[in-house]
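In what follows, a structure is listed as structure tokens, so that the remarks can point back to it.
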Amino acid sequence: MARKPLIAGNWKMHGVLVDACQLAAGLKAHCRGLDDRDVLVAPPFTVISEVSHILRDTAIILAGQNVCWEGKGAFTGEISPVMLRDAGASAALIGHSERRQLFGESDSLVNRRLKGALQFGLTAILCIGETLEEREANRTLDVLERQLRAGLADVGGAQMSSVVVAYEPVWAIGTGKTATSAQAQEAHAFIRHVLADLFEKDIADQVRIVYGGSVKPTNIDELMAQPDIDGALVGGAALDVESFGRIIHFA
Ligand code: PEP
């Protein structure tokens with residue numbers, strides 16, 4: 001089953017408007033004529049509208065870095081799926097390890113966010129991944145299965161065409177340590193196996209599973225050569241237009 005590769009850049013809490021505009025304009029030049037892969041960026045909320053204006057005549061997908069489950073209401077500090085769409089985004093990262101670790105977001109909160117995103121027509125990029133401690137205790141697959149089952153609780157098979165899973169081992173995020181392509185492939189194949197159990201094999205075969213954790217121009221080709229790696233979620237290297245451009249143009 002051919003899955004269209006997805007290269008996603010998470011800008012995290014970096015850059016003010018002028019930086020975001022520069023990055024978006026540079027990115028636009030790198031993506032011209034690319035139609036065999038999807039490119040997505042998740043800028044800070046405050047610059048999404050402006051970035052969307054710059055990217056309006058491209059196929060680059062815009063995402064929020066998080067999203068509330070409600071369309072509106074008394075949720076101080078949250079951004080709703082309706083607001084994201086209004087700003088020009090059509091996707092949202094959900095359950096990024098920084099949200100889970102630094103802001104205490106639980107599996108059930110992640111699930112609420114994910115269902116809200118789907119309900120309001122966003123593509124949900126569900127991030128899962130084990131810590132170093134969990135890997136060293138041989139608990140990687142248990143953790144992935146728990147996060148996946150909890151994150152996708154009450155989601156129907158028909159909704160899975162709007163879900164992307166990002167496998168991001170926490171120990172590889174922003175550390176310069178990348179999972180080997182074999183470690184990443186093992187985790188991705190396991191995730192697809194759990195998805196087949198949760199839904200059905202045909203659905204699992206269609207879901208894109210992207211890898212995140214110190215992806216760079218020097219390791220993207222090997223990662224993308226793995227059968228179950230359908231793309232990348234890139235943090236640090238997404239802030240440098242030349243590096244991200246090279247990643248987008250993986251071999
Ligand atoms: C991320 O934030 O999702 C990420 C993978 O970061 P980095 O590429 O910097 O490790």
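Going by the structure tokens order, chains are called A, B, ..., each with residues numbered from 1, while ligands are numbered from 1 in the order shown.
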Pick out the residues no farther than 6 Å from ligand 1, counting only C-alpha atoms and all ligand atoms, and list them as a PyMOL selection string.
chain A and resi 10+172-174+212-215+233-236
Write out as a VMD selection string the residues lying within 9 Å of Leu148 of chain A, counting only C-alpha atoms and excluding same-chain residues fewer than 5 positions away.
chain A and resid 107 126 to 128 143 153 165 191 194 to 195
Next, dump the selected residues to file, keeping only N, CA and C atoms, as a CSV table (one decimal), in the first residue's frame.
chain,number,residue,atom,x,y,z
A,107,ASP,N,-2.7,10.7,28.9
A,107,ASP,CA,-3.2,10.0,27.8
A,107,ASP,C,-4.7,10.3,27.6
A,126,LEU,N,-0.9,12.4,16.1
A,126,LEU,CA,-0.7,11.9,17.5
A,126,LEU,C,0.7,11.5,17.7
A,127,CYS,N,1.3,12.1,18.7
A,127,CYS,CA,2.7,11.9,19.0
A,127,CYS,C,2.8,10.9,20.2
A,128,ILE,N,3.6,9.9,20.0
A,128,ILE,CA,3.8,8.9,21.1
A,128,ILE,C,5.3,8.6,21.2
A,143,VAL,N,4.8,0.8,26.4
A,143,VAL,CA,4.4,2.3,26.4
A,143,VAL,C,3.8,2.7,25.1
A,153,ALA,N,-8.7,6.0,21.7
A,153,ALA,CA,-9.9,5.5,22.3
A,153,ALA,C,-11.1,6.2,21.7
A,165,VAL,N,0.3,9.1,12.9
A,165,VAL,CA,1.0,8.8,14.2
A,165,VAL,C,2.5,9.2,14.0
A,191,ILE,N,3.8,-0.3,15.9
A,191,ILE,CA,2.6,0.6,15.9
A,191,ILE,C,1.6,0.1,14.9
A,194,VAL,N,-0.3,-2.8,16.1
A,194,VAL,CA,-1.4,-2.4,17.1
A,194,VAL,C,-2.6,-1.7,16.4
A,195,LEU,N,-2.3,-0.9,15.4
A,195,LEU,CA,-3.4,-0.3,14.6
A,195,LEU,C,-4.2,-1.3,13.9
Give me, as a PDB file with C-alpha atoms, in the first residue's frame, the residues of segment 125-160 of chain A that a backbone DSSP run labels strand (DSSP E or B).
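Wrote it out as selection.pdb, contents follow:
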ATOM      1  CA  ILE A 125      -0.888  14.077  14.426  1.00  0.00           C
ATOM      2  CA  LEU A 126      -0.748  11.859  17.487  1.00  0.00           C
ATOM      3  CA  CYS A 127       2.741  11.863  19.037  1.00  0.00           C
ATOM      4  CA  ILE A 128       3.834   8.881  21.097  1.00  0.00           C
TER       5      ILE A 128
END
List the spatial neighbours of Met83 of chain A as a PyMOL selection string - criterion: any atom at most 12 Å away, only C-alpha atoms, same-chain residues fewer than 6 positions off excluded.
chain A and resi 45-46+48-49+63-64+66-73+89-92+117+120-122
Cys31 of chain A environment, 9 Å, only C-alpha atoms, sequence neighbours closer than 2 positions dropped, as a list in words:
Leu27, Lys28, Ala29, Gly33, Leu34, Asp35, Val39, Thr58, Ala59, Ile60, Gly245, Ile248 and His249 of chain A
Residues from last step as file, C-alpha atoms, as a PDB file, in the first residue's frame:
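Here's the written file out.pdb:
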ATOM      1  CA  LEU A  27      10.293  26.990   2.569  1.00  0.00           C
ATOM      2  CA  LYS A  28       8.001  27.990  -0.249  1.00  0.00           C
ATOM      3  CA  ALA A  29      10.969  28.106  -2.627  1.00  0.00           C
ATOM      4  CA  GLY A  33       6.825  21.510  -7.865  1.00  0.00           C
ATOM      5  CA  LEU A  34       6.911  18.820  -5.164  1.00  0.00           C
ATOM      6  CA  ASP A  35       3.777  16.745  -5.396  1.00  0.00           C
ATOM      7  CA  VAL A  39       5.087  19.085   3.661  1.00  0.00           C
ATOM      8  CA  THR A  58       1.308  26.345  -2.043  1.00  0.00           C
ATOM      9  CA  ALA A  59       0.290  22.865  -0.910  1.00  0.00           C
ATOM     10  CA  ILE A  60       2.201  23.231   2.376  1.00  0.00           C
ATOM     11  CA  GLY A 245      14.835  21.813   2.479  1.00  0.00           C
ATOM     12  CA  ILE A 248      12.073  17.498   2.384  1.00  0.00           C
ATOM     13  CA  HIS A 249      14.048  16.378  -0.678  1.00  0.00           C
TER      14      HIS A 249
END
Mind giving me the straight-line distance from atom CA of Ser161 of chain A to atom CA of Gln206 of chain A in Å, one decimal?
7.4 Å
Closest of A:Leu118, A:Met160, A:Ile54, A:Ala8 to Ser80 of chain A, counting only C-alpha atoms, is A:Leu118
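With atom CA of Ala184 of chain A on one side and atom CA of Leu141 of chain A on the other, the separation reads 11.7 Å.
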Point out the residue among A:Ala204, A:Ala225, A:Pro217, A:Gly176 with the least atom-to-atom distance to Val241 of chain A, counting only C-alpha atoms.
A:Pro217
Alpha helix (DSSP H) positions in segment 105-227 of chain A, given as a PyMOL selection string:
chain A and resi 107-119+132-136+140-151+181-198+201-206+220-224
Please report the interatomic distance between atom CA of Ala124 of chain A and atom CA of Gly151 of chain A in Å with one decimal.
10.7 Å
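Proximity of A:His30, A:Arg56, A:Lys201, A:Arg99 to Val170 of chain A, computed with only C-alpha atoms, is greatest for A:Arg99.
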